[in-house]
file target-v9.cif (mmCIF, C-alpha atoms)
data_upload
#
loop_
_atom_site.group_PDB
_atom_site.id
_atom_site.type_symbol
_atom_site.label_atom_id
_atom_site.label_comp_id
_atom_site.auth_asym_id
_atom_site.auth_seq_id
_atom_site.Cartn_x
_atom_site.Cartn_y
_atom_site.Cartn_z
ATOM 1 C CA MET N 1 -0.449 27.969 -5.481
ATOM 2 C CA ILE N 2 -2.410 27.980 -2.212
ATOM 3 C CA LEU N 3 -2.415 24.743 -0.214
ATOM 4 C CA ARG N 4 -5.871 23.613 0.930
ATOM 5 C CA ALA N 5 -6.675 21.002 3.562
ATOM 6 C CA LEU N 6 -9.591 18.694 2.774
ATOM 7 C CA HIS N 7 -11.850 17.270 5.487
ATOM 8 C CA ASP N 8 -14.948 15.956 3.689
ATOM 9 C CA ARG N 9 -14.789 12.200 3.106
ATOM 10 C CA SER N 10 -17.558 12.279 0.507
ATOM 11 C CA VAL N 11 -15.659 14.859 -1.574
ATOM 12 C CA LEU N 12 -12.479 12.790 -1.359
ATOM 13 C CA ALA N 13 -14.315 9.594 -2.229
ATOM 14 C CA ASP N 14 -15.833 11.231 -5.315
ATOM 15 C CA ARG N 15 -12.372 12.255 -6.517
ATOM 16 C CA PHE N 16 -10.758 8.878 -5.956
ATOM 17 C CA ASP N 17 -13.694 6.887 -7.353
ATOM 18 C CA ARG N 18 -12.854 8.331 -10.770
ATOM 19 C CA ASP N 19 -9.717 6.139 -10.778
ATOM 20 C CA PRO N 20 -10.021 3.512 -8.028
ATOM 21 C CA ALA N 21 -7.189 1.329 -9.335
ATOM 22 C CA MET N 22 -4.787 4.269 -8.977
ATOM 23 C CA HIS N 23 -6.158 5.372 -5.603
ATOM 24 C CA LEU N 24 -6.795 2.110 -3.745
ATOM 25 C CA MET N 25 -4.788 3.200 -0.727
ATOM 26 C CA GLU N 26 -6.475 6.580 -0.467
ATOM 27 C CA LEU N 27 -9.955 5.077 -0.721
ATOM 28 C CA GLY N 28 -9.118 2.477 1.902
ATOM 29 C CA ASP N 29 -7.760 5.156 4.237
ATOM 30 C CA LEU N 30 -11.162 6.873 4.186
ATOM 31 C CA ASP N 31 -12.475 3.951 6.227
ATOM 32 C CA ASP N 32 -13.370 4.567 9.878
ATOM 33 C CA LEU N 33 -10.395 2.521 11.129
ATOM 34 C CA LEU N 34 -7.784 4.651 9.351
ATOM 35 C CA TRP N 35 -9.480 8.021 8.762
ATOM 36 C CA PRO N 36 -8.465 9.511 12.165
ATOM 37 C CA HIS N 37 -4.788 9.113 11.198
ATOM 38 C CA THR N 38 -5.024 10.958 7.872
ATOM 39 C CA SER N 39 -4.509 14.511 6.587
ATOM 40 C CA TRP N 40 -5.429 15.486 3.017
ATOM 41 C CA TYR N 41 -4.173 18.365 0.853
ATOM 42 C CA THR N 42 -4.636 19.818 -2.619
ATOM 43 C CA VAL N 43 -3.991 23.012 -4.557
ATOM 44 C CA SER N 44 -6.755 22.487 -7.083
ATOM 45 C CA GLY N 45 -10.491 21.964 -7.113
ATOM 46 C CA SER N 46 -10.166 18.850 -9.248
ATOM 47 C CA GLY N 47 -6.446 18.005 -9.358
ATOM 48 C CA PRO N 48 -4.210 15.615 -7.398
ATOM 49 C CA VAL N 49 -4.634 15.081 -3.655
ATOM 50 C CA ALA N 50 -1.812 14.246 -1.241
ATOM 51 C CA LEU N 51 -2.375 12.041 1.798
ATOM 52 C CA LEU N 52 -0.225 12.227 4.928
ATOM 53 C CA TYR N 53 -0.821 9.058 6.927
ATOM 54 C CA ALA N 54 0.398 9.085 10.534
ATOM 55 C CA VAL N 55 0.669 5.425 11.552
ATOM 56 C CA GLY N 56 3.910 3.556 12.153
ATOM 57 C CA ASP N 57 7.374 4.729 13.074
ATOM 58 C CA ILE N 58 7.233 7.712 10.720
ATOM 59 C CA PRO N 59 4.387 9.283 8.689
ATOM 60 C CA THR N 60 3.820 8.266 5.085
ATOM 61 C CA LEU N 61 3.066 10.666 2.224
ATOM 62 C CA LEU N 62 1.095 9.351 -0.763
ATOM 63 C CA ALA N 63 0.807 11.566 -3.835
ATOM 64 C CA PHE N 64 -0.303 9.870 -7.053
ATOM 65 C CA SER N 65 -1.353 11.294 -10.395
ATOM 66 C CA ARG N 66 -1.738 10.231 -13.987
ATOM 67 C CA PRO N 67 0.866 11.621 -16.468
ATOM 68 C CA GLY N 68 -1.488 14.396 -17.599
ATOM 69 C CA GLU N 69 -1.591 15.721 -14.030
ATOM 70 C CA ALA N 70 2.169 15.556 -13.406
ATOM 71 C CA ALA N 71 2.694 19.328 -13.418
ATOM 72 C CA GLU N 72 -0.153 19.813 -10.925
ATOM 73 C CA LEU N 73 1.326 17.155 -8.662
ATOM 74 C CA GLU N 74 4.700 18.906 -8.704
ATOM 75 C CA GLU N 75 2.962 22.172 -7.728
ATOM 76 C CA LEU N 76 1.238 20.342 -4.895
ATOM 77 C CA ALA N 77 4.546 18.871 -3.693
ATOM 78 C CA ALA N 78 6.092 22.357 -3.569
ATOM 79 C CA ALA N 79 3.097 23.757 -1.692
ATOM 80 C CA LEU N 80 3.343 20.941 0.884
ATOM 81 C CA LEU N 81 6.848 21.895 2.022
ATOM 82 C CA PRO N 82 5.739 24.125 4.960
ATOM 83 C CA VAL N 83 3.497 21.421 6.479
ATOM 84 C CA LEU N 84 5.525 18.249 5.975
ATOM 85 C CA PRO N 85 7.201 16.602 8.994
ATOM 86 C CA ARG N 86 10.966 16.570 9.401
ATOM 87 C CA ARG N 87 11.099 12.906 8.393
ATOM 88 C CA PHE N 88 8.623 10.844 6.435
ATOM 89 C CA PHE N 89 8.277 7.940 4.034
ATOM 90 C CA GLY N 90 6.924 8.650 0.574
ATOM 91 C CA HIS N 91 5.189 6.978 -2.347
ATOM 92 C CA LEU N 92 5.167 9.541 -5.169
ATOM 93 C CA THR N 93 4.562 9.374 -8.908
ATOM 94 C CA GLY N 94 6.360 11.413 -11.548
ATOM 95 C CA GLU N 95 8.895 14.026 -10.460
ATOM 96 C CA ALA N 96 7.202 14.940 -7.171
ATOM 97 C CA ALA N 97 10.076 13.450 -5.158
ATOM 98 C CA LYS N 98 12.565 15.622 -7.027
ATOM 99 C CA VAL N 99 10.624 18.765 -6.095
ATOM 100 C CA LEU N 100 11.095 17.948 -2.399
ATOM 101 C CA GLU N 101 14.883 17.763 -2.769
ATOM 102 C CA SER N 102 15.030 21.530 -2.171
ATOM 103 C CA ALA N 103 14.353 20.895 1.523
ATOM 104 C CA TYR N 104 14.921 17.169 2.097
ATOM 105 C CA GLU N 105 17.600 14.567 1.768
ATOM 106 C CA VAL N 106 15.930 11.914 -0.359
ATOM 107 C CA ARG N 107 16.971 8.294 0.093
ATOM 108 C CA ARG N 108 15.338 6.376 -2.723
ATOM 109 C CA HIS N 109 14.484 2.742 -2.146
ATOM 110 C CA GLY N 110 13.541 1.977 -5.721
ATOM 111 C CA VAL N 111 10.671 2.024 -8.189
ATOM 112 C CA LEU N 112 7.464 0.167 -7.380
ATOM 113 C CA LEU N 113 4.513 -0.903 -9.501
ATOM 114 C CA ARG N 114 0.911 -0.411 -8.482
ATOM 115 C CA MET N 115 -0.957 -3.369 -9.966
ATOM 116 C CA GLY N 116 -4.685 -4.061 -10.070
ATOM 117 C CA LEU N 117 -6.643 -7.292 -10.394
ATOM 118 C CA THR N 118 -8.325 -6.904 -13.776
ATOM 119 C CA ASP N 119 -8.973 -10.584 -14.542
ATOM 120 C CA PRO N 120 -10.213 -12.566 -11.519
ATOM 121 C CA GLY N 121 -10.380 -15.759 -13.561
ATOM 122 C CA PRO N 122 -6.867 -17.032 -12.715
ATOM 123 C CA THR N 123 -7.328 -16.491 -8.981
ATOM 124 C CA ALA N 124 -10.732 -18.189 -9.076
ATOM 125 C CA ALA N 125 -9.236 -21.204 -10.853
ATOM 126 C CA HIS N 126 -5.926 -21.309 -8.967
ATOM 127 C CA PRO N 127 -5.503 -24.658 -7.162
ATOM 128 C CA ASP N 128 -4.572 -24.595 -3.498
ATOM 129 C CA GLY N 129 -2.502 -27.716 -4.063
ATOM 130 C CA PRO N 130 -1.106 -29.096 -0.827
ATOM 131 C CA TRP N 131 -1.234 -25.725 0.931
ATOM 132 C CA GLN N 132 -4.922 -25.178 1.761
ATOM 133 C CA PRO N 133 -4.587 -21.535 2.964
ATOM 134 C CA ALA N 134 -6.821 -20.624 5.905
ATOM 135 C CA PRO N 135 -7.778 -17.312 7.552
ATOM 136 C CA LEU N 136 -5.522 -15.990 10.308
ATOM 137 C CA ASP N 137 -6.627 -14.007 13.342
ATOM 138 C CA ARG N 138 -5.043 -12.235 16.299
ATOM 139 C CA GLY N 139 -4.245 -15.538 17.928
ATOM 140 C CA ASP N 140 -1.813 -16.191 15.059
ATOM 141 C CA LEU N 141 0.082 -12.929 15.642
ATOM 142 C CA PRO N 142 3.152 -14.442 17.410
ATOM 143 C CA GLU N 143 3.660 -16.966 14.599
ATOM 144 C CA LEU N 144 3.091 -14.287 11.978
ATOM 145 C CA LEU N 145 5.690 -11.966 13.516
ATOM 146 C CA GLU N 146 8.152 -14.846 13.656
ATOM 147 C CA LEU N 147 7.570 -15.576 9.968
ATOM 148 C CA PHE N 148 8.092 -11.910 9.050
ATOM 149 C CA ALA N 149 11.337 -11.849 11.057
ATOM 150 C CA GLN N 150 12.611 -14.860 9.113
ATOM 151 C CA ALA N 151 11.225 -14.125 5.662
ATOM 152 C CA TYR N 152 10.373 -10.405 5.411
ATOM 153 C CA PRO N 153 12.399 -8.363 7.931
ATOM 154 C CA GLY N 154 11.661 -4.647 7.936
ATOM 155 C CA ASN N 155 8.244 -5.001 6.298
ATOM 156 C CA TRP N 156 5.481 -2.515 7.114
ATOM 157 C CA PHE N 157 2.814 -4.316 9.145
ATOM 158 C CA ASP N 158 -0.161 -2.872 11.023
ATOM 159 C CA ASP N 159 -1.393 -5.645 13.306
ATOM 160 C CA ARG N 160 -4.873 -4.062 13.437
ATOM 161 C CA MET N 161 -5.430 -5.358 9.913
ATOM 162 C CA LEU N 162 -5.452 -8.917 11.261
ATOM 163 C CA ASP N 163 -8.805 -8.067 12.818
ATOM 164 C CA THR N 164 -10.315 -7.608 9.336
ATOM 165 C CA GLY N 165 -10.147 -11.354 8.792
ATOM 166 C CA GLN N 166 -8.320 -10.749 5.511
ATOM 167 C CA TYR N 167 -5.059 -12.576 6.178
ATOM 168 C CA MET N 168 -4.559 -16.024 4.691
ATOM 169 C CA GLY N 169 -1.806 -18.364 5.836
ATOM 170 C CA ALA N 170 -0.441 -21.706 4.682
ATOM 171 C CA ARG N 171 1.108 -24.272 7.002
ATOM 172 C CA ARG N 172 3.418 -27.231 6.737
ATOM 173 C CA ASP N 173 3.458 -29.693 9.608
ATOM 174 C CA GLY N 174 1.457 -27.173 11.623
ATOM 175 C CA ARG N 175 3.996 -24.362 11.162
ATOM 176 C CA LEU N 176 3.020 -21.104 9.412
ATOM 177 C CA VAL N 177 5.203 -20.878 6.288
ATOM 178 C CA ALA N 178 3.433 -18.423 3.964
ATOM 179 C CA VAL N 179 1.017 -15.526 4.240
ATOM 180 C CA ALA N 180 -0.853 -12.919 2.216
ATOM 181 C CA GLY N 181 -2.678 -10.048 3.908
ATOM 182 C CA VAL N 182 -3.921 -6.512 3.405
ATOM 183 C CA HIS N 183 -2.586 -3.017 4.000
ATOM 184 C CA VAL N 184 -6.052 -1.523 3.570
ATOM 185 C CA TYR N 185 -9.455 -3.177 3.455
ATOM 186 C CA SER N 186 -12.734 -1.304 3.178
ATOM 187 C CA PRO N 187 -16.058 -2.939 2.320
ATOM 188 C CA ALA N 188 -17.601 0.532 2.651
ATOM 189 C CA TYR N 189 -15.473 1.883 -0.207
ATOM 190 C CA ARG N 190 -15.204 -1.542 -1.918
ATOM 191 C CA VAL N 191 -11.383 -1.605 -2.095
ATOM 192 C CA ALA N 192 -8.510 -3.664 -0.745
ATOM 193 C CA ALA N 193 -4.740 -3.425 -1.122
ATOM 194 C CA ILE N 194 -2.854 -6.682 -0.673
ATOM 195 C CA GLY N 195 0.380 -6.633 1.335
ATOM 196 C CA ASN N 196 2.646 -8.546 3.712
ATOM 197 C CA VAL N 197 2.995 -11.361 1.179
ATOM 198 C CA THR N 198 5.878 -13.672 2.017
ATOM 199 C CA THR N 199 7.013 -17.290 2.163
ATOM 200 C CA HIS N 200 9.582 -18.884 4.441
ATOM 201 C CA PRO N 201 12.941 -18.949 2.598
ATOM 202 C CA GLU N 202 13.148 -22.750 2.818
ATOM 203 C CA LEU N 203 9.878 -23.171 0.892
ATOM 204 C CA ARG N 204 10.035 -20.481 -1.780
ATOM 205 C CA GLY N 205 9.251 -21.572 -5.300
ATOM 206 C CA GLN N 206 6.844 -24.294 -4.173
ATOM 207 C CA GLY N 207 3.598 -22.365 -4.702
ATOM 208 C CA ALA N 208 2.703 -21.529 -1.105
ATOM 209 C CA GLY N 209 2.757 -17.760 -1.585
ATOM 210 C CA GLY N 210 0.759 -17.897 -4.806
ATOM 211 C CA ALA N 211 -1.838 -20.119 -3.151
ATOM 212 C CA CYS N 212 -2.217 -17.598 -0.308
ATOM 213 C CA VAL N 213 -2.589 -14.651 -2.697
ATOM 214 C CA ALA N 214 -5.149 -16.481 -4.840
ATOM 215 C CA ALA N 215 -7.151 -17.585 -1.795
ATOM 216 C CA LEU N 216 -7.068 -14.042 -0.400
ATOM 217 C CA CYS N 217 -8.289 -12.581 -3.706
ATOM 218 C CA ARG N 218 -11.202 -15.005 -3.732
ATOM 219 C CA ARG N 219 -12.055 -14.052 -0.159
ATOM 220 C CA LEU N 220 -11.740 -10.317 -0.830
ATOM 221 C CA GLY N 221 -13.887 -10.612 -3.943
ATOM 222 C CA GLU N 222 -16.869 -11.374 -1.719
ATOM 223 C CA THR N 223 -16.836 -7.845 -0.239
ATOM 224 C CA VAL N 224 -14.851 -5.493 -2.516
ATOM 225 C CA ASP N 225 -14.807 -4.520 -6.177
ATOM 226 C CA HIS N 226 -11.211 -3.328 -6.568
ATOM 227 C CA ILE N 227 -8.132 -5.272 -5.465
ATOM 228 C CA GLY N 228 -4.581 -4.048 -5.959
ATOM 229 C CA LEU N 229 -1.067 -4.189 -4.576
ATOM 230 C CA ASN N 230 2.379 -2.631 -4.699
ATOM 231 C CA VAL N 231 5.450 -4.596 -5.758
ATOM 232 C CA ARG N 232 9.052 -3.681 -6.500
ATOM 233 C CA ALA N 233 9.414 -3.245 -10.254
ATOM 234 C CA ASP N 234 12.694 -5.190 -10.241
ATOM 235 C CA ASN N 235 11.206 -8.204 -8.408
ATOM 236 C CA ALA N 236 10.644 -10.228 -11.561
ATOM 237 C CA THR N 237 9.478 -13.333 -9.679
ATOM 238 C CA ALA N 238 6.737 -11.495 -7.771
ATOM 239 C CA VAL N 239 5.657 -9.400 -10.761
ATOM 240 C CA GLY N 240 5.422 -12.544 -12.878
ATOM 241 C CA LEU N 241 3.317 -14.292 -10.226
ATOM 242 C CA TYR N 242 0.878 -11.398 -9.957
ATOM 243 C CA ARG N 243 0.511 -11.171 -13.726
ATOM 244 C CA ARG N 244 -0.251 -14.887 -13.904
ATOM 245 C CA LEU N 245 -2.911 -14.341 -11.245
ATOM 246 C CA GLY N 246 -4.652 -11.670 -13.344
ATOM 247 C CA PHE N 247 -3.041 -8.431 -12.149
ATOM 248 C CA THR N 248 -1.989 -5.716 -14.605
ATOM 249 C CA ASP N 249 0.115 -2.561 -14.242
ATOM 250 C CA VAL N 250 -1.629 0.633 -13.122
ATOM 251 C CA THR N 251 1.299 3.000 -12.547
ATOM 252 C CA GLU N 252 4.843 3.128 -11.230
ATOM 253 C CA PHE N 253 6.104 5.337 -8.444
ATOM 254 C CA THR N 254 9.154 6.226 -6.365
ATOM 255 C CA GLU N 255 9.527 4.857 -2.843
ATOM 256 C CA ALA N 256 11.811 6.973 -0.664
ATOM 257 C CA THR N 257 12.589 8.237 2.822
ATOM 258 C CA PHE N 258 12.716 12.022 3.222
ATOM 259 C CA THR N 259 14.784 13.681 5.961
ATOM 260 C CA ALA N 260 14.822 17.467 6.368
ATOM 261 C CA LEU N 261 18.132 19.093 5.440
ATOM 262 C CA PRO N 262 19.957 20.944 8.223
ATOM 263 C CA ARG N 263 18.900 24.575 8.496
ATOM 264 C CA GLY N 264 20.871 26.738 6.090
ATOM 265 C CA THR N 265 21.493 23.969 3.526
ATOM 266 C CA ALA N 266 18.042 23.838 1.904
ATOM 267 C CA GLY N 267 17.556 25.328 -1.515
#

call {"tool": "encode", "arguments": {"input": "target-v9.cif", "output": "structure tokens"}}
result
Amino acid sequence: MILRALHDRSVLADRFDRDPAMHLMELGDLDDLLWPHTSWYTVSGSGPVALLYAVGDIPTLLAFSRPGEAAELEELAAALLPVLPRRFFGHLTGEAAKVLESAYEVRRHGVLLRMGLTDPGPTAAHPDGPWQPAPLDRGDLPELLELFAQAYPGNWFDDRMLDTGQYMGARRDGRLVAVAGVHVYSPAYRVAAIGNVTTHPELRGQGAGGACVAALCRRLGETVDHIGLNVRADNATAVGLYRRLGFTDVTEFTEATFTALPRGTAG
């Protein structure tokens, strides 16, 4: 199969709009803020598309397909081998990660669920309780980083997303103790992917995180049509919360770090 690079945003948007719940991240990365950091590849006129996103410590490869396209995605993964960086992070459905084992050491971090908000009723009706989440901005960045260090070390956070106005935080005695934000947000493409959701360890189980997620969904619903998120499949507490808030499963995928094998050991 011949690998083709794609450069036309309208063509990519048409492909991903056929299944926006599956391709939230890709649609969001078409936005002006993120587009300059993206490279797009396919081996088919209508099949799966892979995204290489070059922001953060190492690039990230996204390659999603429905089960009926699994064989095409595996062909795409094989065709990508000559252009992939020596080290990257990957979110891949099906057996695409296994295909890359011919040239990469694959350190799997687990299986994640992509979930989509299919019933906004629970988030609309969710009470804020004592938490009263409020929007965060760049002035809250030091507090936010401190909270991540205490409650979510090693999380992937792009501080530019604070400037979207789509981060909601809850406070106790003036201290930031819970947050829900976005990894991508695009009113132009009408999608948002929730991320960076965490609560201070001392206050978990008291509803602060759920209040932030519900408030963020209500806020996002004013400007986008499709809201989704990724969550570890084995995180029963988080999965249960999102289901209660109206999210349902879209797909599952492998999360892994790929490091090129030393020359002479591949294959």

call {"tool": "residues_around", "arguments": {"input": "target-v9.cif", "residues": "Ser186 in chain N", "least_positions_apart": "6", "cutoff": "9 Å", "atoms": "only C-alpha atoms", "output": "PDB file with C-alpha atoms, in the frame of the given file"}}
result
ATOM      1  CA  LEU N  27      -9.955   5.077  -0.721  1.00  0.00           C
ATOM      2  CA  GLY N  28      -9.118   2.477   1.902  1.00  0.00           C
ATOM      3  CA  ASP N  29      -7.760   5.156   4.237  1.00  0.00           C
ATOM      4  CA  LEU N  30     -11.162   6.873   4.186  1.00  0.00           C
ATOM      5  CA  ASP N  31     -12.475   3.951   6.227  1.00  0.00           C
ATOM      6  CA  ASP N  32     -13.370   4.567   9.878  1.00  0.00           C
ATOM      7  CA  ALA N 192      -8.510  -3.664  -0.745  1.00  0.00           C
ATOM      8  CA  THR N 223     -16.836  -7.845  -0.239  1.00  0.00           C
ATOM      9  CA  VAL N 224     -14.851  -5.493  -2.516  1.00  0.00           C
TER      10      VAL N 224
END

call {"tool": "residues_around", "arguments": {"input": "target-v9.cif", "residues": "Asp163 in chain N", "least_positions_apart": "4", "cutoff": "8 Å", "atoms": "only C-alpha atoms", "output": "list in words"}}
result
Asp137, Arg138 and Asp159 of chain N

call {"tool": "closest_residue", "arguments": {"input": "target-v9.cif", "among": "N:Leu3, N:Val184, N:Val55, N:Val179", "to": "Ala77 in chain N", "atoms": "all atoms listed in the file"}}
result
N:Leu3

call {"tool": "atom_distance", "arguments": {"input": "target-v9.cif", "atom1": "CA of Ile58 in chain N", "atom2": "CA of Val213 in chain N"}}
result
27.9 Å

call {"tool": "closest_atom_pairs", "arguments": {"input": "target-v9.cif", "of": "range 65-131 of chain N", "to": "range 238-242 of chain N", "cutoff": "9 Å", "atoms": "only C-alpha atoms", "output": "JSON lines"}}
result
{"residue": "N:Leu113", "atom": "CA", "partner": "N:Val239", "partner_atom": "CA", "distance": 8.7}
{"residue": "N:Met115", "atom": "CA", "partner": "N:Tyr242", "partner_atom": "CA", "distance": 8.2}
{"residue": "N:Leu117", "atom": "CA", "partner": "N:Tyr242", "partner_atom": "CA", "distance": 8.6}

call {"tool": "closest_residue", "arguments": {"input": "target-v9.cif", "among": "N:Ala63, N:Val177, N:Val231, N:Ala215", "to": "Tyr41 in chain N", "atoms": "all atoms listed in the file"}}
result
N:Ala63

call {"tool": "residues_around", "arguments": {"input": "target-v9.cif", "residues": "range 9-13 of chain N", "least_positions_apart": "6", "cutoff": "9 Å", "atoms": "only C-alpha atoms", "output": "JSON, numbers by chain"}}
result
{"N": [26, 27, 30, 35, 40, 49, 189]}

call {"tool": "closest_residue", "arguments": {"input": "target-v9.cif", "among": "N:Ile194, N:Glu255, N:Phe247, N:Asp158", "to": "Val111 in chain N", "atoms": "all atoms listed in the file"}}
result
N:Glu255

call {"tool": "resolve_selection", "arguments": {"input": "target-v9.cif", "expression": "the PyMOL selection byres ((chain N and resi 220) around 10)", "output": "ChimeraX atom specification"}}
result
/N:165-167,182,185-187,190-194,214-219,221-227

call {"tool": "atom_distance", "arguments": {"input": "target-v9.cif", "atom1": "CA of Ala256 in chain N", "atom2": "CA of Glu95 in chain N"}}
result
12.4 Å

call {"tool": "resolve_selection", "arguments": {"input": "target-v9.cif", "expression": "the PyMOL selection byres ((chain N and resi 96) around 8)", "output": "ChimeraX atom specification"}}
result
/N:63,73-74,77,92-95,97-100

call {"tool": "atom_distance", "arguments": {"input": "target-v9.cif", "atom1": "CA of Phe258 in chain N", "atom2": "CA of Ala236 in chain N"}}
result
26.8 Å

call {"tool": "resolve_selection", "arguments": {"input": "target-v9.cif", "expression": "the PyMOL selection byres ((chain N and resi 57) around 12)", "output": "VMD selection string"}}
result
chain N and resid 53 to 56 58 to 60 87 to 89 154 to 158

call {"tool": "residues_around", "arguments": {"input": "target-v9.cif", "residues": "Thr123 in chain N", "least_positions_apart": "3", "cutoff": "6 Å", "atoms": "all atoms listed in the file", "output": "list in words"}}
result
Pro120, His126, Ala214 and Leu245 of chain N

call {"tool": "closest_residue", "arguments": {"input": "target-v9.cif", "among": "N:Thr259, N:Pro82, N:Pro48, N:Pro122", "to": "Ala70 in chain N", "atoms": "all atoms listed in the file"}}
result
N:Pro48

call {"tool": "residues_around", "arguments": {"input": "target-v9.cif", "residues": "range 198-204 of chain N", "least_positions_apart": "2", "cutoff": "12 Å", "atoms": "all atoms listed in the file", "output": "ChimeraX atom specification"}}
result
/N:131,143-153,155,167-172,175-181,194-196,206-213,231,237-238

call {"tool": "build_atoms", "arguments": {"input": "target-v9.cif", "residues": "range 96-108 of chain N", "atoms": "N, CA, C and O atoms", "output": "PDB file, in the frame of the given file"}}
result
ATOM      1  N   ALA N  96       7.546  14.293  -8.441  1.00  0.00           N
ATOM      2  CA  ALA N  96       7.202  14.940  -7.171  1.00  0.00           C
ATOM      3  C   ALA N  96       8.314  14.797  -6.139  1.00  0.00           C
ATOM      4  O   ALA N  96       8.588  15.723  -5.371  1.00  0.00           O
ATOM      5  N   ALA N  97       8.982  13.637  -6.116  1.00  0.00           N
ATOM      6  CA  ALA N  97      10.076  13.450  -5.158  1.00  0.00           C
ATOM      7  C   ALA N  97      11.205  14.432  -5.420  1.00  0.00           C
ATOM      8  O   ALA N  97      11.818  14.963  -4.481  1.00  0.00           O
ATOM      9  N   LYS N  98      11.480  14.690  -6.677  1.00  0.00           N
ATOM     10  CA  LYS N  98      12.565  15.622  -7.027  1.00  0.00           C
ATOM     11  C   LYS N  98      12.268  17.028  -6.533  1.00  0.00           C
ATOM     12  O   LYS N  98      13.177  17.757  -6.106  1.00  0.00           O
ATOM     13  N   VAL N  99      11.005  17.436  -6.571  1.00  0.00           N
ATOM     14  CA  VAL N  99      10.624  18.765  -6.095  1.00  0.00           C
ATOM     15  C   VAL N  99      10.989  18.933  -4.620  1.00  0.00           C
ATOM     16  O   VAL N  99      11.425  20.008  -4.190  1.00  0.00           O
ATOM     17  N   LEU N 100      10.853  17.877  -3.837  1.00  0.00           N
ATOM     18  CA  LEU N 100      11.095  17.948  -2.399  1.00  0.00           C
ATOM     19  C   LEU N 100      12.577  17.981  -2.047  1.00  0.00           C
ATOM     20  O   LEU N 100      12.943  18.239  -0.897  1.00  0.00           O
ATOM     21  N   GLU N 101      13.447  17.748  -3.030  1.00  0.00           N
ATOM     22  CA  GLU N 101      14.883  17.763  -2.769  1.00  0.00           C
ATOM     23  C   GLU N 101      15.396  19.137  -2.357  1.00  0.00           C
ATOM     24  O   GLU N 101      16.499  19.251  -1.831  1.00  0.00           O
ATOM     25  N   SER N 102      14.599  20.194  -2.589  1.00  0.00           N
ATOM     26  CA  SER N 102      15.030  21.530  -2.171  1.00  0.00           C
ATOM     27  C   SER N 102      15.115  21.653  -0.659  1.00  0.00           C
ATOM     28  O   SER N 102      15.835  22.498  -0.135  1.00  0.00           O
ATOM     29  N   ALA N 103      14.378  20.789   0.061  1.00  0.00           N
ATOM     30  CA  ALA N 103      14.353  20.895   1.523  1.00  0.00           C
ATOM     31  C   ALA N 103      14.649  19.580   2.223  1.00  0.00           C
ATOM     32  O   ALA N 103      14.786  19.566   3.454  1.00  0.00           O
ATOM     33  N   TYR N 104      14.766  18.485   1.484  1.00  0.00           N
ATOM     34  CA  TYR N 104      14.921  17.169   2.097  1.00  0.00           C
ATOM     35  C   TYR N 104      16.052  16.376   1.451  1.00  0.00           C
ATOM     36  O   TYR N 104      16.285  16.462   0.240  1.00  0.00           O
ATOM     37  N   GLU N 105      16.741  15.627   2.291  1.00  0.00           N
ATOM     38  CA  GLU N 105      17.600  14.567   1.768  1.00  0.00           C
ATOM     39  C   GLU N 105      16.690  13.414   1.386  1.00  0.00           C
ATOM     40  O   GLU N 105      15.851  12.974   2.191  1.00  0.00           O
ATOM     41  N   VAL N 106      16.825  12.940   0.164  1.00  0.00           N
ATOM     42  CA  VAL N 106      15.930  11.914  -0.359  1.00  0.00           C
ATOM     43  C   VAL N 106      16.712  10.617  -0.538  1.00  0.00           C
ATOM     44  O   VAL N 106      17.645  10.540  -1.338  1.00  0.00           O
ATOM     45  N   ARG N 107      16.344   9.616   0.224  1.00  0.00           N
ATOM     46  CA  ARG N 107      16.971   8.294   0.093  1.00  0.00           C
ATOM     47  C   ARG N 107      15.986   7.387  -0.629  1.00  0.00           C
ATOM     48  O   ARG N 107      15.013   6.902  -0.058  1.00  0.00           O
ATOM     49  N   ARG N 108      16.251   7.177  -1.906  1.00  0.00           N
ATOM     50  CA  ARG N 108      15.338   6.376  -2.723  1.00  0.00           C
ATOM     51  C   ARG N 108      15.553   4.890  -2.471  1.00  0.00           C
ATOM     52  O   ARG N 108      16.684   4.421  -2.405  1.00  0.00           O
TER      53      ARG N 108
END
